[in-house]
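Okay, model_2.cif is below, mmCIF, C-alpha atoms:
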```cif
data_structure
loop_
_atom_site.label_atom_id
_atom_site.label_comp_id
_atom_site.auth_asym_id
_atom_site.auth_seq_id
_atom_site.Cartn_x
_atom_site.Cartn_y
_atom_site.Cartn_z
CA MET A 1 -151.54 45.62 37.57
CA ASP A 2 -148.58 45.46 39.99
CA GLU A 3 -145.97 42.78 39.45
CA SER A 4 -145.52 40.27 42.25
CA PRO A 5 -142.34 40.64 44.33
CA LYS A 6 -139.18 39.07 42.96
CA LEU A 7 -138.42 35.51 44.13
CA ILE A 8 -134.98 34.96 45.71
CA ASN A 9 -133.91 31.31 45.89
CA ILE A 10 -131.51 30.17 48.59
CA GLY A 11 -129.54 26.94 48.82
CA LEU A 12 -128.29 25.65 52.17
CA PHE A 13 -125.23 23.44 52.57
CA GLY A 14 -125.58 21.83 55.97
CA PHE A 15 -128.70 21.48 58.06
CA GLY A 16 -127.41 21.13 61.58
CA VAL A 17 -128.08 23.47 64.48
CA VAL A 18 -127.44 26.69 62.56
CA GLY A 19 -129.07 25.58 59.31
CA GLN A 20 -132.23 24.54 61.12
CA GLY A 21 -132.18 27.86 62.97
CA VAL A 22 -132.05 29.75 59.68
CA TRP A 23 -135.04 27.78 58.37
CA LYS A 24 -136.99 28.13 61.62
CA ASN A 25 -136.47 31.89 61.98
CA ILE A 26 -137.13 32.71 58.33
CA GLU A 27 -140.40 30.81 58.56
CA LYS A 28 -141.24 32.43 61.89
CA ASN A 29 -140.67 35.99 60.64
CA ARG A 30 -141.31 35.48 56.93
CA THR A 31 -144.02 38.14 56.56
CA THR A 32 -141.99 40.82 58.29
CA LEU A 33 -138.74 39.89 56.55
CA GLU A 34 -140.22 39.75 53.06
CA GLY A 35 -142.05 43.01 53.68
CA ARG A 36 -138.82 44.76 54.67
CA LEU A 37 -136.84 43.34 51.77
CA GLY A 38 -139.52 43.68 49.13
CA VAL A 39 -138.97 40.14 47.83
CA ARG A 40 -140.20 36.61 48.29
CA ILE A 41 -137.67 34.23 49.86
CA SER A 42 -137.49 30.51 49.23
CA ILE A 43 -135.02 28.01 50.68
CA SER A 44 -135.39 25.83 47.63
CA ARG A 45 -132.69 23.22 48.21
CA ILE A 46 -130.82 21.84 51.23
CA VAL A 47 -127.77 19.59 50.95
CA VAL A 48 -127.35 17.17 53.86
CA ARG A 49 -125.12 14.18 54.57
CA ASP A 50 -127.95 11.90 55.76
CA LEU A 51 -131.46 12.10 54.37
CA THR A 52 -132.87 9.91 57.15
CA GLN A 53 -131.59 11.93 60.10
CA LYS A 54 -134.26 13.26 62.45
CA ARG A 55 -134.32 17.04 62.82
CA SER A 56 -136.08 19.55 65.06
CA VAL A 57 -137.80 21.30 62.14
CA VAL A 58 -139.99 19.84 59.44
CA VAL A 59 -139.11 20.61 55.82
CA PRO A 60 -140.47 19.20 52.55
CA ASN A 61 -138.63 16.00 51.70
CA ASP A 62 -138.25 16.98 48.05
CA ILE A 63 -135.90 19.89 48.84
CA LEU A 64 -133.43 17.69 50.75
CA THR A 65 -130.58 16.15 48.77
CA THR A 66 -127.09 14.74 49.15
CA ASP A 67 -125.97 16.10 45.77
CA PRO A 68 -124.11 19.45 45.97
CA ASP A 69 -124.46 20.01 42.23
CA LEU A 70 -128.20 20.51 42.56
CA ILE A 71 -127.40 23.82 44.24
CA LEU A 72 -124.11 24.73 42.57
CA ASN A 73 -125.36 24.14 39.02
CA ASP A 74 -128.81 25.65 39.47
CA PRO A 75 -128.87 29.13 37.87
CA GLU A 76 -132.10 29.90 39.75
CA ILE A 77 -130.38 29.69 43.15
CA ASP A 78 -129.06 33.17 43.90
CA ILE A 79 -127.61 32.78 47.41
CA VAL A 80 -125.59 29.87 48.78
CA CYS A 81 -125.33 29.46 52.57
CA GLU A 82 -122.33 27.35 53.60
CA LEU A 83 -123.15 26.05 57.08
CA ILE A 84 -121.19 22.80 56.96
CA GLY A 85 -118.21 23.66 59.13
CA GLY A 86 -114.72 22.29 58.68
CA THR A 87 -112.37 23.19 55.85
CA ASP A 88 -112.56 20.32 53.35
CA LEU A 89 -116.00 19.99 51.75
CA ALA A 90 -116.77 23.57 52.80
CA LEU A 91 -113.81 24.84 50.77
CA LYS A 92 -114.84 22.89 47.67
CA VAL A 93 -118.42 24.13 47.90
CA THR A 94 -117.38 27.74 48.47
CA GLU A 95 -114.85 27.68 45.63
CA SER A 96 -117.38 26.28 43.19
CA ALA A 97 -120.11 28.75 44.17
CA LEU A 98 -117.81 31.78 43.95
CA LYS A 99 -116.45 30.68 40.57
CA LYS A 100 -120.03 30.64 39.31
CA GLY A 101 -120.49 34.22 40.53
CA LYS A 102 -122.95 33.33 43.30
CA ILE A 103 -123.29 35.11 46.63
CA VAL A 104 -121.96 32.94 49.47
CA VAL A 105 -122.97 33.43 53.10
CA THR A 106 -120.91 31.58 55.72
CA ALA A 107 -120.63 31.05 59.46
CA ASN A 108 -117.37 29.13 59.02
CA LYS A 109 -114.62 30.98 60.91
CA ALA A 110 -112.05 28.19 60.46
CA LEU A 111 -112.46 28.27 56.68
CA ILE A 112 -112.03 32.04 56.55
CA CYS A 113 -108.90 31.92 58.71
CA GLU A 114 -107.24 29.21 56.64
CA HIS A 115 -108.38 30.25 53.17
CA GLY A 116 -109.98 33.68 53.51
CA GLU A 117 -107.40 35.63 51.53
CA TYR A 118 -107.78 33.23 48.60
CA LEU A 119 -111.59 33.12 48.82
CA PHE A 120 -112.00 36.90 48.95
CA ASP A 121 -109.74 37.24 45.90
CA LEU A 122 -111.73 34.51 44.17
CA ALA A 123 -114.97 36.37 44.89
CA LYS A 124 -113.56 39.59 43.41
CA SER A 125 -112.25 37.97 40.27
CA ASN A 126 -115.57 36.26 39.55
CA GLY A 127 -117.94 39.09 40.43
CA ALA A 128 -119.19 37.13 43.42
CA GLN A 129 -119.64 38.12 47.07
CA TYR A 130 -118.60 36.47 50.31
CA PHE A 131 -120.49 37.42 53.49
CA TYR A 132 -119.26 36.31 56.92
CA GLU A 133 -121.14 38.17 59.69
CA ALA A 134 -122.06 34.93 61.49
CA SER A 135 -118.42 33.85 61.78
CA VAL A 136 -117.67 36.20 64.70
CA ALA A 137 -119.53 36.74 67.99
CA GLY A 138 -122.85 35.10 67.09
CA GLY A 139 -125.65 37.62 67.52
CA ILE A 140 -123.40 40.68 67.85
CA PRO A 141 -123.30 42.43 64.45
CA ILE A 142 -119.66 43.37 64.92
CA ILE A 143 -118.53 42.84 61.33
CA LYS A 144 -121.25 45.02 59.88
CA THR A 145 -120.64 47.63 62.57
CA ILE A 146 -116.92 47.93 61.83
CA ARG A 147 -117.39 47.70 58.07
CA GLU A 148 -120.26 50.17 57.81
CA SER A 149 -121.11 52.20 60.92
CA LEU A 150 -117.48 52.82 61.89
CA VAL A 151 -116.02 53.05 58.40
CA GLY A 152 -114.68 56.57 59.04
CA ASN A 153 -112.42 55.42 61.89
CA HIS A 154 -108.87 54.23 62.36
CA PHE A 155 -108.78 51.65 65.14
CA SER A 156 -106.17 51.70 67.87
CA LEU A 157 -107.61 48.90 69.99
CA ILE A 158 -110.13 46.10 69.54
CA PHE A 159 -110.48 43.54 72.31
CA GLY A 160 -113.08 41.28 73.78
CA ILE A 161 -114.54 38.02 74.99
CA LEU A 162 -115.10 35.90 71.90
CA ASN A 163 -115.85 32.43 73.23
CA GLY A 164 -118.97 31.80 75.30
CA THR A 165 -117.88 28.37 76.55
CA SER A 166 -114.67 29.65 78.15
CA ASN A 167 -116.50 32.64 79.58
CA TYR A 168 -119.14 30.35 81.09
CA ILE A 169 -116.47 28.23 82.78
CA LEU A 170 -114.52 31.20 84.14
CA THR A 171 -117.73 32.85 85.41
CA ARG A 172 -118.74 29.77 87.36
CA MET A 173 -115.22 29.18 88.70
CA GLU A 174 -115.32 32.68 90.19
CA ARG A 175 -118.93 32.57 91.36
CA GLU A 176 -118.97 29.08 92.90
CA GLY A 177 -115.34 28.35 93.72
CA SER A 178 -115.60 25.13 91.70
CA SER A 179 -112.75 23.58 89.72
CA PHE A 180 -112.20 23.91 85.98
CA ASP A 181 -112.68 20.16 85.47
CA SER A 182 -116.01 19.95 87.30
CA ILE A 183 -117.52 22.90 85.44
CA LEU A 184 -116.28 21.55 82.11
CA VAL A 185 -118.38 18.42 82.78
CA ASP A 186 -121.48 20.60 83.22
CA ALA A 187 -120.66 22.61 80.09
CA ARG A 188 -120.53 19.38 78.09
CA LYS A 189 -123.95 18.31 79.42
CA LEU A 190 -125.44 21.69 78.46
CA GLY A 191 -124.08 21.40 74.92
CA TYR A 192 -121.81 24.44 75.27
CA VAL A 193 -118.63 22.62 74.25
CA GLU A 194 -117.64 21.83 70.66
CA ALA A 195 -117.16 18.16 69.71
CA ASP A 196 -113.48 19.05 69.43
CA GLU A 197 -113.06 20.59 72.88
CA ALA A 198 -109.70 22.15 72.01
CA LEU A 199 -111.52 24.69 69.83
CA ASP A 200 -113.14 26.19 72.94
CA ILE A 201 -110.84 25.32 75.82
CA ASP A 202 -107.51 25.95 74.08
CA GLY A 203 -108.65 29.21 72.51
CA ILE A 204 -108.61 28.16 68.85
CA ASP A 205 -112.23 29.15 68.17
CA ALA A 206 -111.71 32.63 69.65
CA ALA A 207 -108.34 33.03 67.90
CA HIS A 208 -110.04 32.39 64.55
CA LYS A 209 -112.40 35.27 65.32
CA VAL A 210 -109.51 37.54 66.28
CA ILE A 211 -107.86 36.83 62.93
CA ILE A 212 -111.06 37.72 61.06
CA LEU A 213 -111.45 40.97 63.01
CA THR A 214 -107.81 41.84 62.25
CA TYR A 215 -108.45 41.48 58.54
CA LEU A 216 -111.69 43.40 58.76
CA ALA A 217 -110.25 46.38 60.65
CA TYR A 218 -106.81 46.54 59.05
CA GLY A 219 -106.93 44.53 55.81
CA PHE A 220 -104.10 42.46 57.26
CA TRP A 221 -104.06 38.66 57.22
CA VAL A 222 -102.31 36.81 60.02
CA LYS A 223 -101.85 33.08 60.49
CA LEU A 224 -102.88 31.24 63.63
CA LYS A 225 -99.33 29.91 64.04
CA ASP A 226 -97.97 33.46 64.11
CA ILE A 227 -99.99 34.76 67.07
CA THR A 228 -100.18 33.99 70.77
CA CYS A 229 -103.05 31.56 71.29
CA GLU A 230 -103.60 30.21 74.80
CA GLY A 231 -106.71 28.75 76.40
CA ILE A 232 -107.96 28.41 79.97
CA ARG A 233 -106.92 24.87 80.94
CA LEU A 234 -104.21 26.07 83.33
CA ILE A 235 -106.36 28.61 85.20
CA SER A 236 -106.70 27.47 88.81
CA GLN A 237 -109.09 28.47 91.55
CA TYR A 238 -106.13 30.09 93.29
CA ASP A 239 -105.64 32.35 90.26
CA ILE A 240 -109.31 33.33 90.25
CA GLU A 241 -109.25 34.15 93.97
CA MET A 242 -106.03 36.15 93.80
CA ALA A 243 -107.26 38.10 90.78
CA CYS A 244 -110.38 39.12 92.70
CA GLN A 245 -108.30 40.06 95.74
CA LEU A 246 -106.16 42.34 93.54
CA GLY A 247 -109.18 44.00 91.90
CA TYR A 248 -109.22 42.00 88.66
CA ARG A 249 -111.28 39.35 86.92
CA ILE A 250 -109.86 36.70 84.63
CA LYS A 251 -111.28 36.61 81.11
CA LEU A 252 -110.18 34.91 77.90
CA LEU A 253 -109.48 37.95 75.72
CA GLY A 254 -108.75 38.48 72.07
CA ILE A 255 -106.69 41.65 71.71
CA ILE A 256 -105.74 43.59 68.58
CA SER A 257 -103.75 46.78 69.14
CA LYS A 258 -102.02 49.12 66.73
CA ASP A 259 -98.90 51.08 67.62
CA LEU A 260 -99.00 54.29 65.59
CA SER A 261 -95.33 55.03 66.26
CA ASP A 262 -94.06 52.16 64.11
CA GLU A 263 -97.21 50.97 62.30
CA SER A 264 -97.13 47.59 64.04
CA LEU A 265 -99.95 45.32 65.13
CA THR A 266 -100.16 43.09 68.18
CA VAL A 267 -102.64 40.24 67.72
CA ARG A 268 -103.19 37.75 70.55
CA LEU A 269 -105.68 35.50 72.32
CA HIS A 270 -105.08 34.47 75.92
CA PRO A 271 -106.43 34.65 79.47
CA ALA A 272 -105.86 38.02 81.10
CA LEU A 273 -106.44 39.82 84.37
CA ILE A 274 -108.61 42.79 83.51
CA PRO A 275 -109.62 45.47 86.06
CA SER A 276 -113.00 44.66 87.58
CA THR A 277 -114.00 48.29 86.95
CA GLU A 278 -113.98 47.70 83.18
CA LEU A 279 -117.48 47.17 81.76
CA ILE A 280 -116.38 44.14 79.79
CA ALA A 281 -115.27 42.47 83.04
CA ASP A 282 -118.98 42.13 83.87
CA VAL A 283 -119.78 40.20 80.68
CA ASN A 284 -120.52 36.75 82.09
CA GLU A 285 -121.83 33.27 81.31
CA VAL A 286 -122.07 32.46 77.57
CA TYR A 287 -122.17 36.10 76.51
CA ASN A 288 -119.55 37.77 74.33
CA GLY A 289 -118.38 41.35 74.60
CA ILE A 290 -116.28 43.38 72.14
CA SER A 291 -114.76 46.80 72.76
CA VAL A 292 -113.78 48.88 69.73
CA THR A 293 -111.81 52.12 69.98
CA GLY A 294 -111.71 54.38 66.92
CA ASP A 295 -110.17 57.80 66.47
CA VAL A 296 -113.55 59.34 65.64
CA VAL A 297 -116.13 57.40 67.64
CA GLY A 298 -114.02 56.80 70.75
CA THR A 299 -114.66 53.55 72.61
CA THR A 300 -117.82 51.52 72.10
CA LEU A 301 -118.83 48.22 73.68
CA PHE A 302 -121.00 45.52 72.13
CA VAL A 303 -122.49 42.69 74.20
CA GLY A 304 -124.65 39.75 73.17
CA ARG A 305 -124.90 36.00 72.91
CA GLY A 306 -121.79 34.72 71.19
CA ALA A 307 -123.15 31.40 70.00
CA GLY A 308 -126.25 29.25 69.82
CA GLN A 309 -128.81 28.52 67.17
CA ASP A 310 -130.82 31.73 67.26
CA ALA A 311 -127.92 34.16 67.73
CA THR A 312 -125.91 32.68 64.86
CA SER A 313 -128.88 32.23 62.54
CA SER A 314 -129.78 35.88 63.15
CA SER A 315 -126.42 36.89 61.71
CA VAL A 316 -126.82 34.51 58.76
CA ILE A 317 -130.23 36.03 57.98
CA SER A 318 -128.69 39.50 58.24
CA ASP A 319 -126.18 38.54 55.54
CA ILE A 320 -128.97 37.06 53.43
CA SER A 321 -130.75 40.42 53.69
CA ASP A 322 -127.65 42.26 52.46
CA ALA A 323 -127.30 39.73 49.66
CA VAL A 324 -130.84 40.54 48.56
CA SER A 325 -129.83 44.18 48.26
CA LEU A 326 -126.85 43.26 46.09
CA LEU A 327 -129.17 41.35 43.77
CA GLY A 328 -130.66 44.66 42.75
CA ASN A 329 -134.01 44.81 44.46
CA SER A 330 -135.08 48.46 44.31
CA ASN A 331 -137.64 48.02 47.10
CA SER A 332 -135.14 46.84 49.69
CA THR A 333 -134.33 49.18 52.56
CA ILE A 334 -130.90 47.53 52.98
CA GLN A 335 -128.04 49.67 51.67
CA HIS A 336 -125.27 48.10 49.61
CA ALA A 337 -121.91 47.69 51.30
CA SER A 338 -119.10 45.41 50.24
CA PRO A 339 -118.55 42.55 52.69
CA ILE A 340 -114.82 42.75 52.03
CA SER A 341 -112.64 44.89 54.28
CA TYR A 342 -112.53 48.62 53.53
CA PHE A 343 -109.03 48.81 54.98
CA GLU A 344 -107.05 46.83 52.43
CA ASN A 345 -104.70 49.75 51.79
CA GLN A 346 -102.92 49.28 55.12
CA LYS A 347 -100.25 47.01 53.65
CA GLY A 348 -97.35 48.63 55.49
CA LEU A 349 -98.33 47.11 58.82
CA LYS A 350 -96.07 44.58 60.52
CA LEU A 351 -96.95 41.96 63.11
CA ARG A 352 -95.13 42.17 66.43
CA THR A 353 -93.73 38.95 67.88
CA GLN A 354 -94.74 37.48 71.24
CA GLY A 355 -91.41 38.40 72.80
CA GLU A 356 -91.88 42.06 71.88
CA LEU A 357 -95.09 42.38 73.87
CA GLU A 358 -94.79 44.61 76.93
CA SER A 359 -97.16 44.03 79.80
CA ARG A 360 -97.49 43.53 83.52
CA TYR A 361 -97.81 39.93 84.65
CA TYR A 362 -99.31 37.77 87.34
CA VAL A 363 -97.04 34.77 88.04
CA ARG A 364 -97.83 31.73 90.19
CA PHE A 365 -95.09 29.53 91.64
CA ASP A 366 -95.82 26.11 93.20
CA VAL A 367 -92.95 25.65 95.65
CA ARG A 368 -91.68 23.76 98.65
CA ASP A 369 -92.59 25.54 101.86
CA GLU A 370 -89.03 26.33 102.90
CA GLU A 371 -87.10 29.34 104.14
CA GLY A 372 -85.53 31.51 101.46
CA VAL A 373 -87.66 30.36 98.53
CA LEU A 374 -88.99 33.83 97.75
CA ALA A 375 -85.46 35.23 97.87
CA GLU A 376 -84.25 32.66 95.32
CA ILE A 377 -87.11 33.47 92.94
CA SER A 378 -86.59 37.23 93.41
CA ASN A 379 -82.91 36.92 92.58
CA VAL A 380 -83.65 35.13 89.33
CA PHE A 381 -86.25 37.71 88.29
CA ALA A 382 -83.97 40.59 89.26
CA GLY A 383 -81.34 39.11 86.96
CA HIS A 384 -83.80 39.67 84.12
CA HIS A 385 -84.61 43.21 85.33
CA ILE A 386 -88.08 42.22 86.54
CA SER A 387 -89.39 43.79 89.74
CA PHE A 388 -92.41 42.70 91.77
CA SER A 389 -95.38 44.98 92.38
CA THR A 390 -97.23 42.67 94.80
CA VAL A 391 -96.33 39.40 96.56
CA ASN A 392 -98.76 36.96 98.17
CA GLN A 393 -98.15 33.53 99.71
CA LYS A 394 -100.48 30.66 100.56
CA GLU A 395 -99.61 27.54 102.53
CA LEU A 396 -100.79 24.20 101.11
CA GLU A 397 -100.66 20.65 102.48
CA ASP A 398 -97.61 18.36 102.39
CA ASN A 399 -95.12 21.19 103.04
CA LEU A 400 -96.01 22.93 99.78
CA ALA A 401 -96.95 26.55 99.18
CA LEU A 402 -97.93 29.01 96.49
CA ILE A 403 -96.16 32.27 95.82
CA MET A 404 -98.19 34.63 93.64
CA VAL A 405 -96.65 37.87 92.39
CA THR A 406 -97.49 40.67 90.00
CA THR A 407 -94.77 42.49 88.11
CA HIS A 408 -94.15 45.95 86.82
CA LEU A 409 -94.10 46.54 83.05
CA ILE A 410 -91.67 44.23 81.25
CA ASN A 411 -91.34 42.56 77.85
CA GLU A 412 -92.59 39.02 77.48
CA ALA A 413 -89.25 37.60 76.37
CA SER A 414 -87.86 38.45 79.80
CA ILE A 415 -90.79 36.84 81.65
CA ILE A 416 -90.42 33.63 79.65
CA LYS A 417 -86.67 33.44 80.30
CA ALA A 418 -87.11 34.14 84.01
CA CYS A 419 -89.84 31.50 84.42
CA ASN A 420 -87.75 28.93 82.56
CA GLU A 421 -84.80 29.64 84.84
CA VAL A 422 -86.92 29.47 88.00
CA GLU A 423 -88.30 26.11 86.86
CA GLY A 424 -84.81 24.68 87.29
CA LEU A 425 -84.56 25.61 90.98
CA ASN A 426 -84.73 22.73 93.47
CA VAL A 427 -87.46 24.50 95.47
CA ILE A 428 -89.93 24.55 92.54
CA ASN A 429 -92.60 21.86 92.56
CA LYS A 430 -94.32 22.64 89.22
CA LYS A 431 -93.64 24.70 86.14
CA PRO A 432 -94.38 28.39 86.90
CA SER A 433 -97.39 29.84 85.08
CA PHE A 434 -98.08 33.44 84.19
CA ILE A 435 -101.13 35.39 83.10
CA ARG A 436 -100.89 38.77 81.41
CA ILE A 437 -102.47 41.80 83.05
CA PHE A 438 -104.45 43.82 80.54
CA ASN A 439 -105.55 47.36 81.32
CA PRO A 440 -107.14 49.02 78.27
CA PHE A 441 -106.39 52.49 79.70
CA GLU A 442 -102.65 51.81 79.38
CA PHE A 443 -103.08 51.20 75.64
CA LEU A 444 -105.13 54.34 75.10
CA SER A 445 -103.33 56.83 77.35
#
```
Spit out the file's structure as structure tokens when you get a sec.
Amino acid sequence: MDESPKLINIGLFGFGVVGQGVWKNIEKNRTTLEGRLGVRISISRIVVRDLTQKRSVVVPNDILTTDPDLILNDPEIDIVCELIGGTDLALKVTESALKKGKIVVTANKALICEHGEYLFDLAKSNGAQYFYEASVAGGIPIIKTIRESLVGNHFSLIFGILNGTSNYILTRMEREGSSFDSILVDARKLGYVEADEALDIDGIDAAHKVIILTYLAYGFWVKLKDITCEGIRLISQYDIEMACQLGYRIKLLGIISKDLSDESLTVRLHPALIPSTELIADVNEVYNGISVTGDVVGTTLFVGRGAGQDATSSSVISDISDAVSLLGNSNSTIQHASPISYFENQKGLKLRTQGELESRYYVRFDVRDEEGVLAEISNVFAGHHISFSTVNQKELEDNLALIMVTTHLINEASIIKACNEVEGLNVINKKPSFIRIFNPFEFLS
């Protein structure tokens, strides 16, 4: 007589949008999932903050609890899913689970960025595992792809659109000619914006993902405070229009590049003008896109929904499937692969500073509409050895005007100094703003 399939018990911490998505989609596809994995799956306990809160899915009342110890101290619970968010309670829960040798699955990018190095070491020292596929790019399996499918590669360039909210706003600004502020109102109504809007609008959410990808590809931890992190608040309709006129589109890009000549990394997150001929320039709305260039595979592009209940829960369930494999089920078709970076030997890398970055730039000056203004600005920039590639002017009301230029290749320290000096001119109405021009071909040629 055949033995019944092994039972795998799962405990969920947090039952918000993602947690309910995990429950819903496991129930929806239970027969297929259990057949593929060769086990029975049970979400046997869920820790919530409020037992009385109404939810979109119905679960047995007896598996809901407010007591974390009912999961952490239960030897029958094999996999812990941390879906709380934040870095306080989530850290305590993750620490406790890893110390007990449990497998932890997380979607918490902020926790990994702030405490990832410690938590991965904790997992190793306790024979535990820490899976984090859902922390980056929602439904795009980018972590598994880099860790497994592309394991034979050294990566020279990884870049992409990593925040669906910002991409949605920029797409509509270009398509409709509407202002940033008006589209942000719509994004709030559609539920695209985090409760803390700075996470989306100021680039923090996407920067967290860039940091995780840097660790994954290079085994190199960077801190948020040590990288360029800029959001889209200052992007105007004039910038969008001029970018299109020049053959570019503006996207919020996370960029990780490795300079083989001195073993240095550049890690940054900021708006950029990218040539409209690039495939990733056509990734619109709430979609994410990630380009990965390896020395063996060449350049590959991954596109998919970057957030949302189903996309993120799909990645959580993918990690649960890998966790099942690690628990020793011989019938599983999932192959074992460590969730920790394969590239931890690259300890000789150094992080380049913002001022060392070399790029071409788009710069916008809000000025008084007077004779000789362009000459004054040009003289200042020439003093910093910056030459203009293109110059465009636009008259505004009240004797004001815009001067929009693009530069030839120059280091960022020079651009910052030149803009600061121009700001002090009497003809300048507002602080100059610049956007980097990013052409992947220049990094790979």
Item to complete: Compile the contact shell of Val48 in chain A as a PyMOL selection string: residues with an atom at most 7 Å away, counting all atoms listed in the file, same-chain residues fewer than 5 positions apart removed.
Response: chain A and resi 13-15+64-66
Take the residues that were just selected and, keeping C-alpha atoms, output them as a PDB file, in the frame of the given file.
```
ATOM      1  CA  PHE A  13    -125.230  23.440  52.570  1.00  0.00           C
ATOM      2  CA  GLY A  14    -125.580  21.830  55.970  1.00  0.00           C
ATOM      3  CA  PHE A  15    -128.700  21.480  58.060  1.00  0.00           C
ATOM      4  CA  LEU A  64    -133.430  17.690  50.750  1.00  0.00           C
ATOM      5  CA  THR A  65    -130.580  16.150  48.770  1.00  0.00           C
ATOM      6  CA  THR A  66    -127.090  14.740  49.150  1.00  0.00           C
TER       7      THR A  66
END
```
Worksheet entry | All residues 7 Å or closer to Arg364 in chain A, only C-alpha atoms, same chain fewer than 6 positions away omitted, as a list in words |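 Near Arg364 in chain A, the qualifying residues are Leu402, Ile403, Met404, Val405, Pro432, Ser433 and Phe434 of chain A.
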Worksheet entry | Contact residues around Gly372 in chain A with all atoms listed in the file at 10 Å, ignoring same-chain residues under 5 positions, as number ranges by chain | A: 377-378, 427
Report, as JSON, the centre and edge lengths in Å (one decimal) of the axis-aligned box enclosing every listed atom of range 209-225 of chain A, padded by 4 Å on each side.
```
{"center_x": -105.9, "center_y": 38.2, "center_z": 61.0, "size_x": 21.1, "size_y": 24.6, "size_z": 18.5}
```
Item to complete: Can you give me, as JSON, numbers by chain, the residues this file yields under the PyMOL selection byres ((chain A and resi 273) around 7)?
Response: {"A": [243, 248, 249, 250, 251, 272, 274, 275, 436, 437, 438]}
Worksheet item: Applied to the shown file, which residues does the PyMOL selection byres ((chain A and resi 367) around 8) return, written as a list in words?
Response: Phe365, Asp366, Arg368, Asp369, Val373, Leu400, Ala401, Leu402, Ile403, Val427, Ile428, Asn429 and Lys430 of chain A
Practice prompt. Using the chain letters and residue numbers of this document, give as a ChimeraX atom specification the residues selected by the PyMOL selection byres ((chain A and resi 164) around 6).
Written response: /A:163,165-168,286-287,306
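Going from CA of Ile212 in chain A over to CA of Glu356 in chain A, you cover 22.4 Å.
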Worksheet item: So how many Å separate CA of Leu7 in chain A and CA of Leu326 in chain A, to one decimal?
Response: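 Separation between CA of Leu7 in chain A and CA of Leu326 in chain A: 14.1 Å.
Our summary of the geometry notes that CA of Glu174 in chain A is positioned 14.1 Å from CA of Pro271 in chain A.
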All residues 12 Å or closer to His385 in chain A, only C-alpha atoms, same chain fewer than 5 positions away omitted, as a short mmCIF file (atom, residue, chain, number, x, y, z; two decimals) with C-alpha atoms, keeping the file's coordinate frame:
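What ended up in result-v2.cif:
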```cif
data_model
loop_
_atom_site.label_atom_id
_atom_site.label_comp_id
_atom_site.auth_asym_id
_atom_site.auth_seq_id
_atom_site.Cartn_x
_atom_site.Cartn_y
_atom_site.Cartn_z
CA SER A 378 -86.59 37.23 93.41
CA ASN A 379 -82.91 36.92 92.58
CA VAL A 380 -83.65 35.13 89.33
CA THR A 407 -94.77 42.49 88.11
CA HIS A 408 -94.15 45.95 86.82
CA LEU A 409 -94.10 46.54 83.05
CA ILE A 410 -91.67 44.23 81.25
CA ASN A 411 -91.34 42.56 77.85
CA GLU A 412 -92.59 39.02 77.48
CA ALA A 413 -89.25 37.60 76.37
CA SER A 414 -87.86 38.45 79.80
CA ILE A 415 -90.79 36.84 81.65
CA LYS A 417 -86.67 33.44 80.30
CA ALA A 418 -87.11 34.14 84.01
#
```
Practice prompt. Find the residues around Asp259 in chain A up to 12 Å (all atoms listed in the file counted), leave out those fewer than 4 positions away in its own chain, and share them as a ChimeraX atom specification.
Written response: /A:154-157,263-267,349-352,357,443-444
Response to the item:
If you count all atoms listed in the file, the residue of A:Ile232, A:Val292, A:Ile201, A:Leu119 closest to Ala97 in chain A turns out to be A:Leu119
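Comparing the minimum interatomic distances between Tyr215 in chain A and each of A:Ala123, A:Cys113, A:Leu253, A:Met242, counting all atoms listed in the file, we find that A:Cys113 sits nearest.
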Worksheet item: From the set A:Glu95, A:Asp319, A:Asp196, A:Glu3, which residue has the shortest atom-to-atom contact distance to Gly38 in chain A, counting only C-alpha atoms?
Response: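 Between A:Glu95, A:Asp319, A:Asp196, A:Glu3, the residue approaching Gly38 in chain A most closely is A:Glu3.
Closest to Thr228 in chain A among A:Thr353, A:Asn25, A:Ser261, A:Ser387 is A:Thr353, based on all atoms listed in the file.
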